[in-house]
$ cat entry_2.txt   # compact mmCIF, C-alpha atoms and all ligand atoms
# COMPACT_ATOMS: atom_id res chain seq x y z
CA ALA A 31 -18.96 188.86 183.45
CA ARG A 32 -16.47 188.17 186.21
CA LEU A 33 -14.49 185.89 183.86
CA SER A 34 -14.17 188.50 181.13
CA LYS A 35 -12.79 191.04 183.60
CA ARG A 36 -10.06 188.69 184.80
CA ARG A 37 -6.61 189.52 183.39
CA SER A 38 -4.73 186.61 181.83
CA SER A 39 -1.96 186.92 184.44
CA GLU A 40 -4.59 186.03 187.03
CA ALA A 41 -5.83 182.96 185.14
CA PRO A 42 -6.27 180.08 187.57
CA ARG A 43 -3.59 177.39 187.39
CA PRO A 44 -4.66 173.75 187.58
CA ASP A 45 -3.48 171.74 190.58
CA ALA A 46 -0.06 170.11 190.39
CA GLY A 47 -0.34 166.70 188.75
CA SER A 48 -3.39 167.73 186.69
CA ALA A 49 -3.45 166.65 183.04
CA ARG A 50 -4.56 170.22 182.25
CA ASP A 51 -1.21 171.63 183.41
CA PHE A 52 0.36 173.08 180.22
CA THR A 53 3.76 173.29 181.88
CA THR A 54 4.03 169.49 181.90
CA LEU A 55 4.22 169.55 178.07
CA PRO A 56 7.82 168.53 177.19
CA GLY A 57 8.08 171.34 174.62
CA MET A 58 6.99 173.94 177.14
CA ARG A 59 9.50 172.75 179.73
CA ASP A 60 12.37 172.83 177.19
CA PHE A 61 11.31 176.31 176.12
CA ALA A 62 11.34 177.58 179.72
CA LEU A 63 14.83 176.10 180.21
CA LEU A 64 16.14 177.74 177.07
CA LYS A 65 14.69 181.11 178.07
CA ALA A 66 16.18 180.87 181.54
CA ALA A 67 19.59 179.97 180.08
CA MET A 68 19.47 182.94 177.71
CA GLU A 69 18.46 185.29 180.53
CA SER A 70 21.26 184.05 182.77
CA LEU A 71 23.74 184.68 179.95
CA GLU A 72 22.18 188.13 179.36
CA LEU A 73 21.58 187.15 175.76
CA ARG A 74 18.89 189.11 173.97
CA SER A 75 16.61 186.87 171.92
CA PRO A 76 17.24 187.34 168.18
CA LEU A 77 13.60 186.37 167.59
CA PHE A 78 10.58 188.63 167.08
CA VAL A 79 12.75 191.65 166.28
CA ALA A 80 10.30 194.43 165.32
CA HIS A 81 11.27 196.47 162.27
CA ASP A 82 9.87 200.00 162.35
CA GLY A 83 8.49 200.05 158.81
CA LEU A 84 8.98 198.45 155.44
CA ALA A 85 11.82 195.94 155.64
CA GLY A 86 13.79 196.04 152.41
CA ALA A 87 17.54 195.94 151.78
CA HIS A 88 17.68 198.67 154.39
CA SER A 89 15.44 198.89 157.38
CA SER A 90 15.07 200.49 160.78
CA ILE A 91 14.96 198.70 164.13
CA GLU A 92 14.14 200.70 167.26
CA GLY A 93 14.93 203.87 165.33
CA ARG A 94 18.34 202.65 164.09
CA GLU A 95 19.13 202.22 160.40
CA VAL A 96 20.40 198.76 159.47
CA ILE A 97 21.48 196.91 156.36
CA ASN A 98 18.81 194.24 156.38
CA TYR A 99 19.35 190.58 155.41
CA ALA A 100 16.54 189.20 157.54
CA SER A 101 13.64 189.67 155.11
CA TYR A 102 12.82 187.85 151.92
CA ASN A 103 12.14 190.88 149.79
CA TYR A 104 14.33 189.33 147.11
CA LEU A 105 13.60 191.67 144.21
CA GLY A 106 12.77 194.76 146.23
CA LEU A 107 9.13 194.64 145.16
CA ASN A 108 7.65 194.97 148.64
CA GLY A 109 7.15 198.71 148.71
CA ASP A 110 7.24 199.17 144.94
CA PRO A 111 4.67 201.92 144.21
CA ARG A 112 3.11 199.85 141.40
CA VAL A 113 2.54 196.90 143.74
CA GLN A 114 1.08 199.17 146.41
CA GLU A 115 -1.22 200.85 143.91
CA ALA A 116 -2.48 197.47 142.68
CA ALA A 117 -3.27 196.49 146.27
CA ARG A 118 -5.07 199.79 146.92
CA ASP A 119 -7.11 199.44 143.71
CA ALA A 120 -8.13 195.92 144.70
CA VAL A 121 -9.29 197.15 148.11
CA SER A 122 -11.36 199.87 146.41
CA ARG A 123 -12.93 197.41 144.03
CA TYR A 124 -13.29 194.24 146.11
CA GLY A 125 -12.81 195.29 149.74
CA THR A 126 -10.28 193.76 152.08
CA SER A 127 -11.68 190.22 152.20
CA PRO A 128 -13.46 187.93 149.74
CA SER A 129 -15.80 187.17 152.67
CA GLY A 130 -16.07 183.51 151.79
CA SER A 131 -14.39 180.35 150.62
CA ARG A 132 -13.67 180.36 146.91
CA ILE A 133 -16.09 177.46 146.44
CA THR A 134 -19.02 179.43 147.95
CA SER A 135 -18.95 183.21 147.45
CA GLY A 136 -15.24 184.03 147.59
CA GLU A 137 -14.28 183.64 143.94
CA ARG A 138 -13.07 186.80 142.15
CA ALA A 139 -11.77 187.31 138.62
CA LEU A 140 -8.54 188.50 140.22
CA HIS A 141 -7.84 185.04 141.70
CA LEU A 142 -8.23 183.40 138.31
CA GLU A 143 -6.01 185.96 136.60
CA LEU A 144 -3.26 185.42 139.17
CA GLU A 145 -3.55 181.65 138.88
CA ARG A 146 -3.36 181.75 135.07
CA GLU A 147 -0.15 183.75 135.20
CA LEU A 148 1.42 181.59 137.94
CA ALA A 149 0.65 178.46 135.92
CA ALA A 150 2.19 180.02 132.80
CA LEU A 151 5.32 180.92 134.74
CA HIS A 152 5.86 177.25 135.63
CA GLY A 153 4.83 175.98 132.21
CA ALA A 154 1.92 174.21 133.93
CA GLU A 155 -1.68 173.96 132.76
CA ALA A 156 -3.30 175.46 135.85
CA ALA A 157 -2.70 176.71 139.39
CA LEU A 158 -4.59 177.11 142.66
CA THR A 159 -3.74 179.69 145.32
CA PHE A 160 -4.10 179.31 149.10
CA VAL A 161 -4.01 181.84 151.94
CA SER A 162 -0.60 180.68 153.18
CA GLY A 163 2.43 178.94 151.74
CA HIS A 164 2.69 176.75 154.81
CA ALA A 165 -0.96 175.72 154.54
CA THR A 166 -0.47 175.00 150.82
CA ASN A 167 2.03 172.22 151.56
CA VAL A 168 0.23 170.84 154.60
CA THR A 169 -3.16 170.56 152.95
CA THR A 170 -2.00 169.47 149.48
CA ILE A 171 0.42 166.76 150.63
CA GLY A 172 -2.05 165.73 153.34
CA HIS A 173 -4.77 165.39 150.72
CA LEU A 174 -2.77 163.61 148.00
CA MET A 175 -0.99 161.00 150.07
CA GLY A 176 -2.46 158.34 152.38
CA PRO A 177 -1.40 155.89 155.09
CA ARG A 178 -0.35 153.18 152.61
CA ASP A 179 1.86 155.59 150.66
CA ILE A 180 5.47 156.75 150.94
CA VAL A 181 7.11 160.15 150.62
CA VAL A 182 10.85 160.08 149.98
CA HIS A 183 12.17 163.56 150.70
CA ASP A 184 15.33 165.59 151.08
CA ALA A 185 16.22 165.84 154.79
CA ALA A 186 16.32 169.65 154.46
CA ILE A 187 12.72 170.15 153.29
CA HIS A 188 10.60 172.74 155.03
CA ASN A 189 8.44 172.07 158.08
CA SER A 190 5.26 172.62 156.02
CA CYS A 191 6.17 169.57 153.92
CA THR A 192 6.88 167.31 156.89
CA GLU A 193 3.65 168.47 158.53
CA GLY A 194 1.75 167.60 155.35
CA ILE A 195 3.28 164.13 155.31
CA ARG A 196 2.39 163.66 158.97
CA LEU A 197 -1.21 164.66 158.25
CA SER A 198 -1.41 162.20 155.37
CA GLY A 199 -0.21 159.26 157.47
CA ALA A 200 2.20 158.28 154.66
CA ARG A 201 5.56 156.75 155.55
CA ARG A 202 8.13 159.54 155.66
CA ILE A 203 11.56 158.59 154.33
CA PRO A 204 14.23 161.31 154.45
CA PHE A 205 17.49 161.09 152.50
CA ALA A 206 20.71 163.03 153.18
CA HIS A 207 20.56 166.55 151.79
CA ASN A 208 20.99 166.60 148.00
CA ASP A 209 22.31 163.01 147.96
CA MET A 210 20.42 161.70 144.94
CA ALA A 211 22.06 158.26 145.12
CA ALA A 212 20.58 157.95 148.62
CA ALA A 213 17.19 159.11 147.29
CA GLU A 214 17.28 156.40 144.67
CA ARG A 215 18.27 153.75 147.25
CA GLU A 216 15.49 154.76 149.64
CA MET A 217 12.93 154.78 146.88
CA ALA A 218 14.03 151.39 145.55
CA SER A 219 13.98 149.72 148.94
CA ALA A 220 10.67 151.20 150.16
CA ARG A 221 8.61 151.07 146.96
CA ARG A 222 5.81 148.46 146.97
CA GLY A 223 2.98 147.70 144.61
CA GLY A 224 -0.45 149.07 145.50
CA GLN A 225 0.92 152.23 147.08
CA ARG A 226 1.56 155.72 145.75
CA ALA A 227 4.93 157.36 146.11
CA MET A 228 6.20 160.93 146.02
CA LEU A 229 9.69 162.33 145.68
CA LEU A 230 9.69 165.71 147.42
CA VAL A 231 12.45 168.31 147.09
CA GLU A 232 12.94 172.08 147.21
CA GLY A 233 14.03 174.05 144.15
CA HIS A 234 16.27 176.32 146.27
CA TYR A 235 16.97 175.22 149.82
CA SER A 236 16.21 177.80 152.47
CA MET A 237 18.85 176.59 154.95
CA ASP A 238 21.77 176.16 152.53
CA GLY A 239 21.00 178.24 149.45
CA ASP A 240 21.77 175.30 147.16
CA ILE A 241 19.64 173.55 144.54
CA PRO A 242 18.83 169.93 143.67
CA ASP A 243 19.80 168.00 140.54
CA LEU A 244 16.35 168.22 138.98
CA ALA A 245 17.11 165.95 136.03
CA ARG A 246 18.07 163.18 138.49
CA CYS A 247 14.89 163.84 140.49
CA VAL A 248 12.77 163.42 137.35
CA GLU A 249 14.64 160.25 136.41
CA ILE A 250 14.23 158.67 139.87
CA ALA A 251 10.55 159.63 140.11
CA ARG A 252 9.82 158.16 136.66
CA ARG A 253 11.80 154.97 137.24
CA HIS A 254 9.86 154.29 140.45
CA ASP A 255 6.48 155.45 139.18
CA ALA A 256 6.37 158.26 141.76
CA TRP A 257 5.11 161.82 141.68
CA LEU A 258 7.73 164.54 141.78
CA MET A 259 6.84 167.62 143.85
CA VAL A 260 9.13 170.65 143.99
CA ASP A 261 8.75 173.44 146.56
CA GLU A 262 9.87 176.61 144.76
CA ALA A 263 9.21 178.99 147.67
CA HIS A 264 12.71 180.48 147.46
CA SER A 265 13.33 179.91 143.75
CA LEU A 266 10.95 182.34 142.16
CA GLY A 267 12.85 185.46 141.14
CA ALA A 268 16.08 183.97 142.51
CA ILE A 269 16.97 180.91 140.44
CA GLY A 270 17.40 180.70 136.66
CA PRO A 271 18.48 183.45 134.25
CA THR A 272 15.06 185.14 134.43
CA GLY A 273 14.07 183.86 137.87
CA ARG A 274 11.63 181.19 136.75
CA GLY A 275 13.08 178.60 139.09
CA VAL A 276 15.09 175.43 139.08
CA ALA A 277 13.83 174.01 135.75
CA GLU A 278 14.95 177.19 134.00
CA ALA A 279 18.26 177.18 135.89
CA GLN A 280 19.04 173.66 134.65
CA GLY A 281 17.52 174.03 131.18
CA LEU A 282 14.88 171.34 131.78
CA ASP A 283 11.34 170.85 130.57
CA PRO A 284 9.12 171.81 133.55
CA ALA A 285 6.66 169.09 132.49
CA GLY A 286 8.90 166.53 134.25
CA VAL A 287 7.61 167.88 137.57
CA ASP A 288 4.10 166.75 138.58
CA LEU A 289 3.45 169.36 141.26
CA TRP A 290 5.07 172.77 141.57
CA MET A 291 4.56 174.53 144.87
CA GLY A 292 5.36 178.18 145.48
CA THR A 293 4.69 181.03 147.87
CA LEU A 294 3.55 184.59 147.32
CA SER A 295 5.47 185.81 150.36
CA LYS A 296 8.99 186.10 148.99
CA THR A 297 9.67 187.59 145.55
CA LEU A 298 5.96 188.29 145.05
CA SER A 299 5.74 190.59 148.11
CA SER A 300 2.43 189.25 149.31
CA CYS A 301 1.13 186.40 151.48
CA GLY A 302 -0.17 183.05 150.28
CA GLY A 303 0.89 179.97 148.38
CA TYR A 304 0.01 177.98 145.28
CA ILE A 305 0.19 174.65 143.51
CA ALA A 306 0.71 174.52 139.72
CA ALA A 307 -0.01 171.24 137.93
CA ARG A 308 -2.15 169.53 135.30
CA ALA A 309 -5.56 171.17 134.79
CA ASP A 310 -7.56 168.14 135.94
CA VAL A 311 -5.47 167.85 139.10
CA ILE A 312 -5.96 171.53 139.93
CA ASP A 313 -9.69 171.26 139.22
CA TRP A 314 -9.93 168.31 141.61
CA LEU A 315 -7.94 170.18 144.29
CA ARG A 316 -10.11 173.27 143.81
CA HIS A 317 -13.21 171.21 144.59
CA THR A 318 -11.82 168.96 147.33
CA VAL A 319 -8.62 170.06 149.10
CA PRO A 320 -9.59 171.07 152.67
CA GLY A 321 -7.22 174.06 152.87
CA SER A 322 -9.11 175.67 150.00
CA VAL A 323 -12.66 174.35 150.37
CA TYR A 324 -12.82 175.06 154.12
CA SER A 325 -10.76 178.24 154.13
CA VAL A 326 -11.29 181.77 152.88
CA GLY A 327 -10.02 182.83 149.44
CA LEU A 328 -6.90 184.94 149.08
CA ALA A 329 -7.51 188.53 150.27
CA PRO A 330 -7.99 190.82 147.21
CA PRO A 331 -5.15 193.25 148.03
CA LEU A 332 -2.77 190.31 148.51
CA ALA A 333 -3.83 188.67 145.24
CA ALA A 334 -3.44 191.99 143.43
CA ALA A 335 -0.03 192.67 144.98
CA ALA A 336 1.23 189.23 143.97
CA LEU A 337 -0.07 189.65 140.42
CA ALA A 338 1.54 193.08 140.04
CA ALA A 339 4.86 191.80 141.43
CA LEU A 340 4.72 188.77 139.14
CA ARG A 341 4.32 191.01 136.09
CA ILE A 342 7.00 193.47 137.18
CA PHE A 343 9.62 190.84 137.89
CA GLN A 344 9.12 189.21 134.49
CA ALA A 345 9.25 192.60 132.74
CA GLU A 346 12.38 193.64 134.65
CA PRO A 347 14.79 190.68 134.57
CA GLU A 348 17.63 193.04 135.53
CA ARG A 349 16.31 192.74 139.10
CA VAL A 350 17.01 189.00 138.99
CA ALA A 351 20.50 189.65 137.62
CA ARG A 352 21.20 192.18 140.40
CA LEU A 353 20.00 189.73 143.08
CA GLN A 354 22.23 186.98 141.70
CA ALA A 355 25.23 189.30 141.46
CA ASN A 356 24.66 190.38 145.08
CA GLY A 357 24.33 186.79 146.31
CA ALA A 358 27.50 185.71 144.53
CA GLY A 359 29.24 188.93 145.63
CA LEU A 360 28.48 188.41 149.32
CA ARG A 361 29.31 184.70 149.21
CA ASP A 362 32.65 185.26 147.47
CA ARG A 363 33.66 188.09 149.80
CA LEU A 364 32.85 185.97 152.86
CA LYS A 365 34.68 182.94 151.45
CA ALA A 366 37.72 185.08 150.72
CA ARG A 367 37.79 185.97 154.44
CA GLY A 368 37.72 182.30 155.40
CA PHE A 369 34.03 181.85 156.25
CA ASP A 370 32.09 178.65 155.55
CA THR A 371 29.21 179.51 153.22
CA GLY A 372 28.36 175.86 152.62
CA ALA A 373 27.11 174.88 149.19
CA SER A 374 25.23 178.15 148.50
CA ILE A 375 24.97 178.84 144.81
CA GLY A 376 25.18 182.53 145.66
CA SER A 377 21.73 183.91 144.97
CA ALA A 378 19.04 184.94 147.47
CA ILE A 379 20.35 182.81 150.34
CA VAL A 380 23.89 182.79 151.73
CA PRO A 381 24.52 180.97 155.03
CA VAL A 382 27.58 181.47 157.21
CA VAL A 383 28.05 178.35 159.30
CA LEU A 384 29.54 179.32 162.67
CA GLY A 385 29.17 176.25 164.87
CA SER A 386 27.22 176.35 168.13
CA SER A 387 23.80 177.94 168.50
CA LEU A 388 25.00 180.21 171.30
CA ARG A 389 28.00 181.49 169.36
CA THR A 390 25.79 182.15 166.34
CA ALA A 391 23.21 184.03 168.43
CA LYS A 392 25.97 186.15 169.98
CA VAL A 393 27.47 186.99 166.57
CA ALA A 394 24.01 188.03 165.30
CA GLY A 395 23.64 190.30 168.34
CA ALA A 396 27.08 191.83 167.73
CA LEU A 397 26.17 192.35 164.07
CA LEU A 398 22.99 194.19 164.97
CA GLU A 399 25.05 196.52 167.15
CA ARG A 400 27.15 197.18 164.04
CA GLY A 401 24.08 197.99 161.94
CA VAL A 402 23.58 194.65 160.16
CA ALA A 403 20.34 192.69 160.70
CA VAL A 404 20.58 188.98 159.95
CA GLN A 405 18.66 186.01 161.29
CA THR A 406 20.19 182.94 162.84
CA VAL A 407 19.26 179.35 162.09
CA VAL A 408 20.02 177.38 165.23
CA PHE A 409 19.29 174.01 166.79
CA PRO A 410 16.85 172.26 166.32
CA ALA A 411 16.28 173.72 162.80
CA VAL A 412 19.83 172.52 161.96
CA PRO A 413 22.21 170.20 163.90
CA GLU A 414 23.71 172.01 166.92
CA GLN A 415 27.23 172.32 165.54
CA SER A 416 26.08 173.69 162.17
CA ALA A 417 24.17 176.71 163.49
CA ARG A 418 24.46 179.59 161.06
CA LEU A 419 23.71 183.14 160.11
CA ARG A 420 21.39 183.18 157.12
CA PHE A 421 21.66 186.17 154.81
CA PHE A 422 18.66 186.84 152.59
CA LEU A 423 19.89 189.02 149.74
CA SER A 424 17.93 191.60 147.80
CA SER A 425 18.44 193.06 144.35
CA GLU A 426 18.52 196.42 146.18
CA HIS A 427 21.65 195.82 148.26
CA THR A 428 24.61 197.83 147.01
CA GLU A 429 28.29 196.93 146.62
CA GLU A 430 29.00 199.24 149.53
CA ASP A 431 26.44 197.34 151.66
CA LEU A 432 28.22 194.08 150.87
CA ASP A 433 31.66 195.50 151.72
CA ARG A 434 30.43 196.99 155.00
CA THR A 435 28.66 193.75 155.88
CA VAL A 436 31.73 191.57 155.45
CA GLU A 437 33.80 193.92 157.63
CA ALA A 438 31.01 193.83 160.24
CA VAL A 439 30.94 189.99 160.19
CA VAL A 440 34.71 189.83 160.67
CA ALA A 441 34.53 192.29 163.58
CA ALA A 442 31.46 190.64 165.17
CA VAL A 443 33.01 187.16 165.08
CA ALA A 444 36.26 188.52 166.58
CA SER A 445 34.32 190.30 169.34
CA VAL A 446 32.48 187.15 170.35
CA GLY A 447 35.44 184.79 170.36
CA ARG A 448 35.02 181.24 171.62
CA VAL A 449 31.65 180.38 173.13
CA GLU A 450 30.46 177.30 174.98
CA LYS A 451 27.31 175.46 174.03
CA LEU A 452 23.95 176.51 175.45
CA PRO A 453 23.11 174.26 178.41
CA GLY A 454 20.82 171.43 177.34
CA LEU A 455 21.40 171.80 173.59
CA GLY A 456 22.93 169.46 171.09
N1 LIG B 1 8.19 176.31 151.76
C1 LIG B 1 9.41 176.74 152.08
C2 LIG B 1 10.61 176.07 151.49
C3 LIG B 1 9.57 177.83 152.94
O1 LIG B 1 10.79 178.27 153.25
C4 LIG B 1 8.42 178.46 153.49
C5 LIG B 1 8.50 179.64 154.45
N2 LIG B 1 9.59 180.43 154.40
C6 LIG B 1 7.17 177.96 153.15
C7 LIG B 1 7.10 176.89 152.29
C8 LIG B 1 5.92 178.57 153.71
O2 LIG B 1 5.65 179.75 153.04
P1 LIG B 1 4.92 181.00 153.71
O3 LIG B 1 5.91 181.63 154.66
O4 LIG B 1 4.64 181.86 152.54
O5 LIG B 1 3.72 180.50 154.42
$ encode --input "entry_2.txt" --output "structure tokens"
Amino acid sequence: ARLSKRRSSEAPRPDAGSARDFTTLPGMRDFALLKAAMESLELRSPLFVAHDGLAGAHSSIEGREVINYASYNYLGLNGDPRVQEAARDAVSRYGTSPSGSRITSGERALHLELERELAALHGAEAALTFVSGHATNVTTIGHLMGPRDIVVHDAAIHNSCTEGIRLSGARRIPFAHNDMAAAEREMASARRGGQRAMLLVEGHYSMDGDIPDLARCVEIARRHDAWLMVDEAHSLGAIGPTGRGVAEAQGLDPAGVDLWMGTLSKTLSSCGGYIAARADVIDWLRHTVPGSVYSVGLAPPLAAAALAALRIFQAEPERVARLQANGAGLRDRLKARGFDTGASIGSAIVPVVLGSSLRTAKVAGALLERGVAVQTVVFPAVPEQSARLRFFLSSEHTEEDLDRTVEAVVAAVASVGRVEKLPGLG
């Protein structure tokens, strides 16, 4: 009883030199240093910014209206009354939780309906959903690959992919971002008999807003007898004339890809992830992959929201066109003012590379003061001198928003001027 009354601030600290001392963890020490440096520079953390309500193209932070580029509500479907109604109906019918793993008591017709439509979208035979996009990659890659195997992957792939490879024990071989000649070289030099191999890329890169040469990926994977897995988290609704992803964008047969991965958290305005593949592969995953077998099924309102959003975005391709026009519009305006937008194809993701992490954080702070919310991507997510602002576009941004944003970026950058590096970084 005495323990439960103790406040966490009073928790006993282990003696100095004890192996139980959390503060000896290298990550925790670095974190404390970074926080202290930011405090001494009176820099407000750009992280964990609380939005007051629904974060769409416009949002409110601490009671102030902002043009919002920090959320991945790509087609404006989070908040769509039809999506909300579908979620409410699912709660009325099924409750808030499936109260079990799919394999035991958690299966609902709604899951199967969503999976059928996700599979159809990718031209795949079947699909399996998971409660998180991150968990989808970790558990699927961790389950498919083993310690004798290799995964050759783009250096810019998401943390969930690298964590999955780590879990699998496979040899992890990165190649320079979008350098397919390097991918081929790495595959050729590492490939051995008696092992499995995977080529792993994203369909729309979340750091750069660019896309891979999928035909080359298929060719390399086939030549080296490797599986090709494509993470389409940011592609759905954003890439291709009707938003069906990178295969549609490049006019390719989706059957060249062995495993499609996607999330429900971006265009589909929900939470969760999925794999779409051959029916026998999905059936095997359904029965064996730990992240499904030993985890709860997708919550009914989230499955229903994703299904409603999936149907709406396919029925209303003008949303995709608006998103792409906005992405290209913002990128071109920024370029015209001399900013480095990298290789962004100008859709849902437009980076503005500014240099040091500290300078980028300061510009983001100055932008927020001017009514524009945008996240930074700083070291160690990207190399220290390529820290950037990352604009997530929405179909619901207006031309006026884009014009005001570019003026705000120009003013914010001018107000910050030259900035030194954060102590201890890069
Ligand atoms: N893959 C990529 C490329 C991502 O960017 C993300 C997260 N933004 C994920 C997977 C994980 O998805 P979720 O946030 O839906 O868990």
$ closest_residue --input "entry_2.txt" --among "A:Gln225, A:Thr54, A:Ser387, A:Ser295" --to "ligand LIG 1 (chain B)" --atoms "all atoms listed in the file"
A:Ser295
$ closest_atom_pairs --input "entry_2.txt" --of "chain A" --to "ligand LIG 1 (chain B)" --cutoff "10 Å" --atoms "all atoms listed in the file" --output "CSV"
residue,atom,partner,partner_atom,distance
A:Tyr102,CA,B:LIG1,N2,8.5
A:Phe160,CA,B:LIG1,O5,9.5
A:Val161,CA,B:LIG1,O5,8.2
A:Ser162,CA,B:LIG1,O5,4.5
A:Gly163,CA,B:LIG1,O5,3.4
A:His164,CA,B:LIG1,C8,3.9
A:Ala165,CA,B:LIG1,O5,6.7
A:Thr166,CA,B:LIG1,O5,7.8
A:Asn167,CA,B:LIG1,C7,6.9
A:Val168,CA,B:LIG1,C7,9.4
A:Ala186,CA,B:LIG1,C2,9.1
A:Ile187,CA,B:LIG1,C2,6.5
A:His188,CA,B:LIG1,C2,4.9
A:Asn189,CA,B:LIG1,N1,7.6
A:Ser190,CA,B:LIG1,C7,6.0
A:Cys191,CA,B:LIG1,N1,7.4
A:Val231,CA,B:LIG1,C2,9.1
A:Glu232,CA,B:LIG1,C2,6.3
A:Gly233,CA,B:LIG1,C2,8.3
A:His234,CA,B:LIG1,C2,7.7
A:Tyr235,CA,B:LIG1,C2,6.6
A:Ser236,CA,B:LIG1,O1,5.5
A:Met237,CA,B:LIG1,O1,8.4
A:Val260,CA,B:LIG1,C2,9.4
A:Asp261,CA,B:LIG1,C2,5.9
A:Glu262,CA,B:LIG1,C2,6.8
A:Ala263,CA,B:LIG1,C1,5.0
A:His264,CA,B:LIG1,C2,6.3
A:Ser265,CA,B:LIG1,C2,9.1
A:Met291,CA,B:LIG1,N1,8.0
A:Gly292,CA,B:LIG1,N1,7.1
A:Thr293,CA,B:LIG1,O4,4.7
A:Leu294,CA,B:LIG1,O4,6.0
A:Ser295,CA,B:LIG1,O4,4.6
A:Lys296,CA,B:LIG1,O4,7.0
A:Leu298,CA,B:LIG1,O4,10.0
A:Ser299,CA,B:LIG1,O4,9.9
A:Ser300,CA,B:LIG1,O4,8.4
A:Cys301,CA,B:LIG1,O4,5.8
A:Gly302,CA,B:LIG1,O4,5.4
A:Gly303,CA,B:LIG1,O4,5.9
A:Tyr304,CA,B:LIG1,O4,9.4
$ closest_residue --input "entry_2.txt" --among "A:Ala333, A:Ala396, A:Ala85, A:Leu289" --to "Pro128 in chain A" --atoms "only C-alpha atoms"
A:Ala333
$ atom_distance --input "entry_2.txt" --atom1 "CA of Ile305 in chain A" --atom2 "CA of Asp209 in chain A"
25.4 Å
$ residues_near_point --input "entry_2.txt" --point "(-14.7, 177.7, 154.1)" --cutoff "12 Å" --atoms "all atoms listed in the file" --output "JSON, numbers by chain"
{"A": [128, 129, 130, 131, 132, 133, 134, 135, 136, 137, 160, 161, 317, 318, 319, 320, 321, 322, 323, 324, 325, 326, 327, 328]}
$ closest_residue --input "entry_2.txt" --among "A:Gly395, A:Ala200, A:Glu143, A:Gly357" --to "Asp240 in chain A" --atoms "all atoms listed in the file"
A:Gly357
$ atom_distance --input "entry_2.txt" --atom1 "CA of Thr170 in chain A" --atom2 "CA of His152 in chain A"
17.7 Å
$ closest_residue --input "entry_2.txt" --among "A:Phe52, A:Phe205, A:Phe61, A:Trp290" --to "Ala157 in chain A" --atoms "only C-alpha atoms"
A:Trp290
$ atom_distance --input "entry_2.txt" --atom1 "CA of Ser89 in chain A" --atom2 "CA of Ala442 in chain A"
19.6 Å
$ closest_residue --input "entry_2.txt" --among "A:Val407, A:Leu142, A:Ala417, A:Val393" --to "Val443 in chain A" --atoms "all atoms listed in the file"
A:Val393
$ residues_around --input "entry_2.txt" --residues "Pro284 in chain A" --least-positions-apart "4" --cutoff "12 Å" --atoms "all atoms listed in the file" --output "PyMOL selection string"
chain A and resi 149-155+233+244-245+248+258-260+274-280+288-290+306-308
$ closest_residue --input "entry_2.txt" --among "A:Ala351, A:Leu73, A:Leu105, A:Ala366" --to "Leu423 in chain A" --atoms "only C-alpha atoms"
A:Leu105
$ residues_near_point --input "entry_2.txt" --point "(5.9, 160.8, 145.2)" --cutoff "10 Å" --atoms "only C-alpha atoms" --output "ChimeraX atom specification"
/A:171,174-175,179-183,217,226-230,251-252,254-259,288-289
$ residues_around --input "entry_2.txt" --residues "Ala100 in chain A" --least-positions-apart "4" --cutoff "6 Å" --atoms "only C-alpha atoms" --output "PyMOL selection string"
chain A and resi 404-405+422
$ write_last_selection --input "entry_2.txt" --atoms "C-alpha atoms" --output "PDB file, in the frame of the given file"
ATOM      1  CA  VAL A 404      20.580 188.980 159.950  1.00  0.00           C
ATOM      2  CA  GLN A 405      18.660 186.010 161.290  1.00  0.00           C
ATOM      3  CA  PHE A 422      18.660 186.840 152.590  1.00  0.00           C
TER       4      PHE A 422
END
$ residues_around --input "entry_2.txt" --residues "Val412 in chain A" --least-positions-apart "2" --cutoff "12 Å" --atoms "all atoms listed in the file" --output "MDAnalysis selection string"
chainID A and resid 185:188 207 236:238 381 383:387 406:410 414:420 455:456
$ closest_atom_pairs --input "entry_2.txt" --of "range 364-421 of chain A" --to "range 66-71 of chain A" --cutoff "12 Å" --atoms "all atoms listed in the file" --output "Markdown table"
| residue | atom | partner | partner_atom | distance |
| --- | --- | --- | --- | --- |
| A:Ser387 | CA | A:Met68 | CA | 11.3 |
| A:Leu388 | CA | A:Met68 | CA | 8.9 |
| A:Arg389 | CA | A:Leu71 | CA | 11.9 |
| A:Ala391 | CA | A:Met68 | CA | 10.1 |
| A:Lys392 | CA | A:Leu71 | CA | 10.3 |
$ residues_around --input "entry_2.txt" --residues "Val402 in chain A" --least-positions-apart "2" --cutoff "12 Å" --atoms "all atoms listed in the file" --output "VMD selection string"
chain A and resid 87 to 91 94 to 100 393 to 400 404 to 405 419 421 to 422 431 to 439 441 to 442
$ decode --input "entry_2.txt" --residues "range 38-49 of chain A" --atoms "C-alpha atoms" --output "mmCIF file, in the first residue's frame"
data_model
loop_
_atom_site.group_PDB
_atom_site.id
_atom_site.type_symbol
_atom_site.label_atom_id
_atom_site.label_comp_id
_atom_site.auth_asym_id
_atom_site.auth_seq_id
_atom_site.Cartn_x
_atom_site.Cartn_y
_atom_site.Cartn_z
ATOM 1 C CA SER A 38 6.906 8.773 -9.247
ATOM 2 C CA SER A 39 9.040 11.846 -8.475
ATOM 3 C CA GLU A 40 9.852 10.183 -5.158
ATOM 4 C CA ALA A 41 10.854 6.861 -6.738
ATOM 5 C CA PRO A 42 14.047 5.611 -5.128
ATOM 6 C CA ARG A 43 17.181 5.976 -7.264
ATOM 7 C CA PRO A 44 19.660 3.105 -7.342
ATOM 8 C CA ASP A 45 23.127 3.748 -5.915
ATOM 9 C CA ALA A 46 25.724 5.287 -8.219
ATOM 10 C CA GLY A 47 27.498 2.559 -10.162
ATOM 11 C CA SER A 48 24.467 0.235 -10.044
ATOM 12 C CA ALA A 49 23.571 -1.599 -13.259
#
